[in-house]
Amino acid sequence: MRDLFTVSQVSRSCGISRATILRLEDKGLLTPARVDEQNGYRYYDNRNVSQIMQIQLFLELGMSYDDILLYYRTGGSSRELLRRAEARLLVMNRIYQEIRLRVENQETLSFEFITLPRYVCFTRRFRGTTVEDRYWAMCRLYHEAVERGYRLLASQPLFLINRRDDFIQASFEETEVEFTCCIPLEPKCAPEGATVFPPCRAFSCLFHGSYSRRADVFNAFGEKIRELGLRPAGDVRTLALVAPYTGRSISEDCYLTRLAVPVEEST
């Protein structure tokens, strides 16, 4: 027993409670090196301790218990686990960009190619002219989604699909147009009839600043699309990385918005 540790020693060394250690065992993530058959006492070895430390790191990185179990069952070679890690990376990168732009506190435009993930959404079409029109339309639809008990997806932003292409010719104007409000839902819990958007390659413009410059941003985006000779393969999406009705405490000058247009793949 000299080479083994008690649960109290492991708890103290790893900085977690005894209950947490037992929970890891219940979930199949940890097997004690030895269990005394007479009194049920558990004993752990160096491998157990290092595994607990690795599990703690995985949890801090946002992995779920199911993710970690899949990691161990497949020796870390699961394609599904890779897909989940990529999705988390996209979310963390978005959060990083938000914080960086606000810390630098400069009005900026940046362009890049991105991959839009698969979305399952509660959607509805509206018509309107102003930013306020879009704001209230999204507010109403969001309220309805919650009222219906739909499972909202925290990892993806709300977005609008704008059925317009005038910005491609740098002639964007605030005029009445049709747009679709999209509320991303947890795919496994989405109702029948939810709108599915497949993953796609897109060209993106990230904008940090007030919505008052909306026309200038759209036109600059269109100019860049023409400059690169890109061929849009769908309507432009406006992703509200901080939705105005949930970010009222944030100055309008610090809003962060991404425009994204699906584009044809290069041949």
# chains A, B, ... in the order shown; residues from 1 in each chain; ligands from 1
>>> select_by_dssp(residues="stretch 20-160 of chain A", states="helix (DSSP H, G or I)", output="PyMOL selection string")
chain A and resi 20-26+46-60+65-73+79-104+131-148
>>> residues_around(residues="A:Glu174", least_positions_apart="5", cutoff="8 Å", atoms="only C-alpha atoms", output="VMD selection string")
chain A and resid 129 to 130 215
>>> residues_around(residues="A:Asp133", least_positions_apart="5", cutoff="12 Å", atoms="only C-alpha atoms", output="PyMOL selection string")
chain A and resi 126-128+138-140+160+174-181
>>> select_by_dssp(residues="stretch 116-176 of chain A", states="strand (DSSP E or B)", output="CSV table (one decimal) with N, CA and C atoms, in the first residue's frame")
chain,number,residue,atom,x,y,z
A,116,LEU,N,-19.1,28.6,-42.3
A,116,LEU,CA,-20.3,28.7,-41.5
A,116,LEU,C,-20.7,27.3,-41.1
A,119,TYR,N,-26.6,25.1,-39.2
A,119,TYR,CA,-27.5,25.7,-38.3
A,119,TYR,C,-28.9,25.1,-38.4
A,120,VAL,N,-29.5,24.9,-37.3
A,120,VAL,CA,-30.9,24.5,-37.2
A,120,VAL,C,-31.6,25.6,-36.5
A,121,CYS,N,-32.6,26.3,-37.2
A,121,CYS,CA,-33.1,27.6,-36.7
A,121,CYS,C,-34.6,27.6,-36.7
A,122,PHE,N,-35.1,28.4,-35.7
A,122,PHE,CA,-36.5,28.9,-35.7
A,122,PHE,C,-36.4,30.2,-36.5
A,123,THR,N,-37.2,30.3,-37.6
A,123,THR,CA,-37.0,31.4,-38.5
A,123,THR,C,-38.4,32.0,-38.9
A,124,ARG,N,-38.3,33.3,-39.3
A,124,ARG,CA,-39.6,33.9,-39.8
A,124,ARG,C,-39.1,35.1,-40.7
A,125,ARG,N,-39.9,35.3,-41.8
A,125,ARG,CA,-39.6,36.5,-42.6
A,125,ARG,C,-40.3,37.7,-42.2
A,126,PHE,N,-39.7,38.8,-42.4
A,126,PHE,CA,-40.2,40.1,-42.0
A,126,PHE,C,-39.9,41.1,-43.1
A,127,ARG,N,-40.5,42.3,-43.1
A,127,ARG,CA,-40.1,43.4,-43.9
A,127,ARG,C,-39.8,44.6,-43.1
A,128,GLY,N,-38.8,45.4,-43.5
A,128,GLY,CA,-38.5,46.6,-42.7
A,128,GLY,C,-37.4,47.4,-43.3
A,152,LEU,N,-32.6,26.9,-26.9
A,152,LEU,CA,-31.8,27.8,-27.6
A,152,LEU,C,-30.3,27.3,-27.6
A,159,PHE,N,-28.9,35.5,-36.1
A,159,PHE,CA,-28.5,36.2,-37.3
A,159,PHE,C,-29.7,36.5,-38.2
A,160,LEU,N,-29.4,37.5,-39.1
A,160,LEU,CA,-30.4,37.9,-40.1
A,160,LEU,C,-29.9,37.4,-41.4
A,161,ILE,N,-30.9,37.1,-42.3
A,161,ILE,CA,-30.5,36.9,-43.7
A,161,ILE,C,-31.2,38.0,-44.5
A,162,ASN,N,-30.3,38.8,-45.1
A,162,ASN,CA,-30.8,40.0,-45.8
A,162,ASN,C,-30.9,39.6,-47.3
>>> residues_around(residues="stretch 41-57 of chain A", least_positions_apart="3", cutoff="7 Å", atoms="only C-alpha atoms", output="list in words")
Asp3, Leu4, Phe5, Thr6, Val7, Val10, Cys14, Pro32, Ala33, Arg34, Val35, Asp36, Glu60 and Leu61 of chain A
>>> residues_around(residues="A:Tyr211", least_positions_apart="2", cutoff="10 Å", atoms="only C-alpha atoms", output="count of residues only")
15
>>> closest_residue(among="A:Phe203, A:Phe221, A:Phe58, A:Trp136", to="A:Thr115", atoms="only C-alpha atoms")
A:Phe203
>>> atom_distance(atom1="atom CA of A:Cys205", atom2="atom CA of A:Leu239")
10.3 Å
>>> residues_around(residues="A:Leu185", least_positions_apart="3", cutoff="12 Å", atoms="only C-alpha atoms", output="number ranges by chain")
A: 118-123, 142, 145-146, 149-158, 182, 188-192, 194-197
>>> write_last_selection(atoms="C-alpha atoms", output="tab-separated table (two decimals), in the first residue's frame")
chain	number	residue	atom	x	y	z
A	118	ARG	CA	-24.65	23.82	-39.88
A	119	TYR	CA	-27.50	25.74	-38.28
A	120	VAL	CA	-30.93	24.49	-37.23
A	121	CYS	CA	-33.07	27.56	-36.67
A	122	PHE	CA	-36.47	28.91	-35.75
A	123	THR	CA	-37.04	31.44	-38.54
A	142	TYR	CA	-36.80	35.39	-29.69
A	145	ALA	CA	-39.01	30.83	-29.21
A	146	VAL	CA	-38.66	30.98	-25.42
A	149	GLY	CA	-40.01	26.14	-25.01
A	150	TYR	CA	-37.48	25.74	-27.80
A	151	ARG	CA	-33.94	24.83	-26.68
A	152	LEU	CA	-31.76	27.79	-27.65
A	153	LEU	CA	-28.17	27.23	-28.81
A	154	ALA	CA	-25.79	29.34	-26.74
A	155	SER	CA	-22.71	28.64	-28.87
A	156	GLN	CA	-23.99	30.39	-32.00
A	157	PRO	CA	-25.17	33.99	-32.47
A	158	LEU	CA	-28.57	35.09	-33.69
A	182	CYS	CA	-32.90	33.20	-37.42
A	188	LYS	CA	-31.39	17.35	-31.18
A	189	CYS	CA	-34.23	19.31	-29.57
A	190	ALA	CA	-35.38	21.32	-32.58
A	191	PRO	CA	-39.08	21.06	-33.56
A	192	GLU	CA	-40.32	19.68	-36.85
A	194	ALA	CA	-37.16	24.07	-38.18
A	195	THR	CA	-35.04	25.58	-40.95
A	196	VAL	CA	-31.73	23.84	-41.63
A	197	PHE	CA	-28.79	25.71	-43.11
>>> residues_around(residues="A:Ile68", least_positions_apart="2", cutoff="12 Å", atoms="only C-alpha atoms", output="MDAnalysis selection string")
chainID A and resid 24 27:30 51:52 54:66 70:78 80:82 84:85
>>> atom_distance(atom1="atom CA of A:Arg226", atom2="atom CA of A:Arg164")
15.7 Å
>>> closest_residue(among="A:Gly229, A:Gly222, A:Gly15, A:Pro117", to="A:Val91", atoms="only C-alpha atoms")
A:Pro117
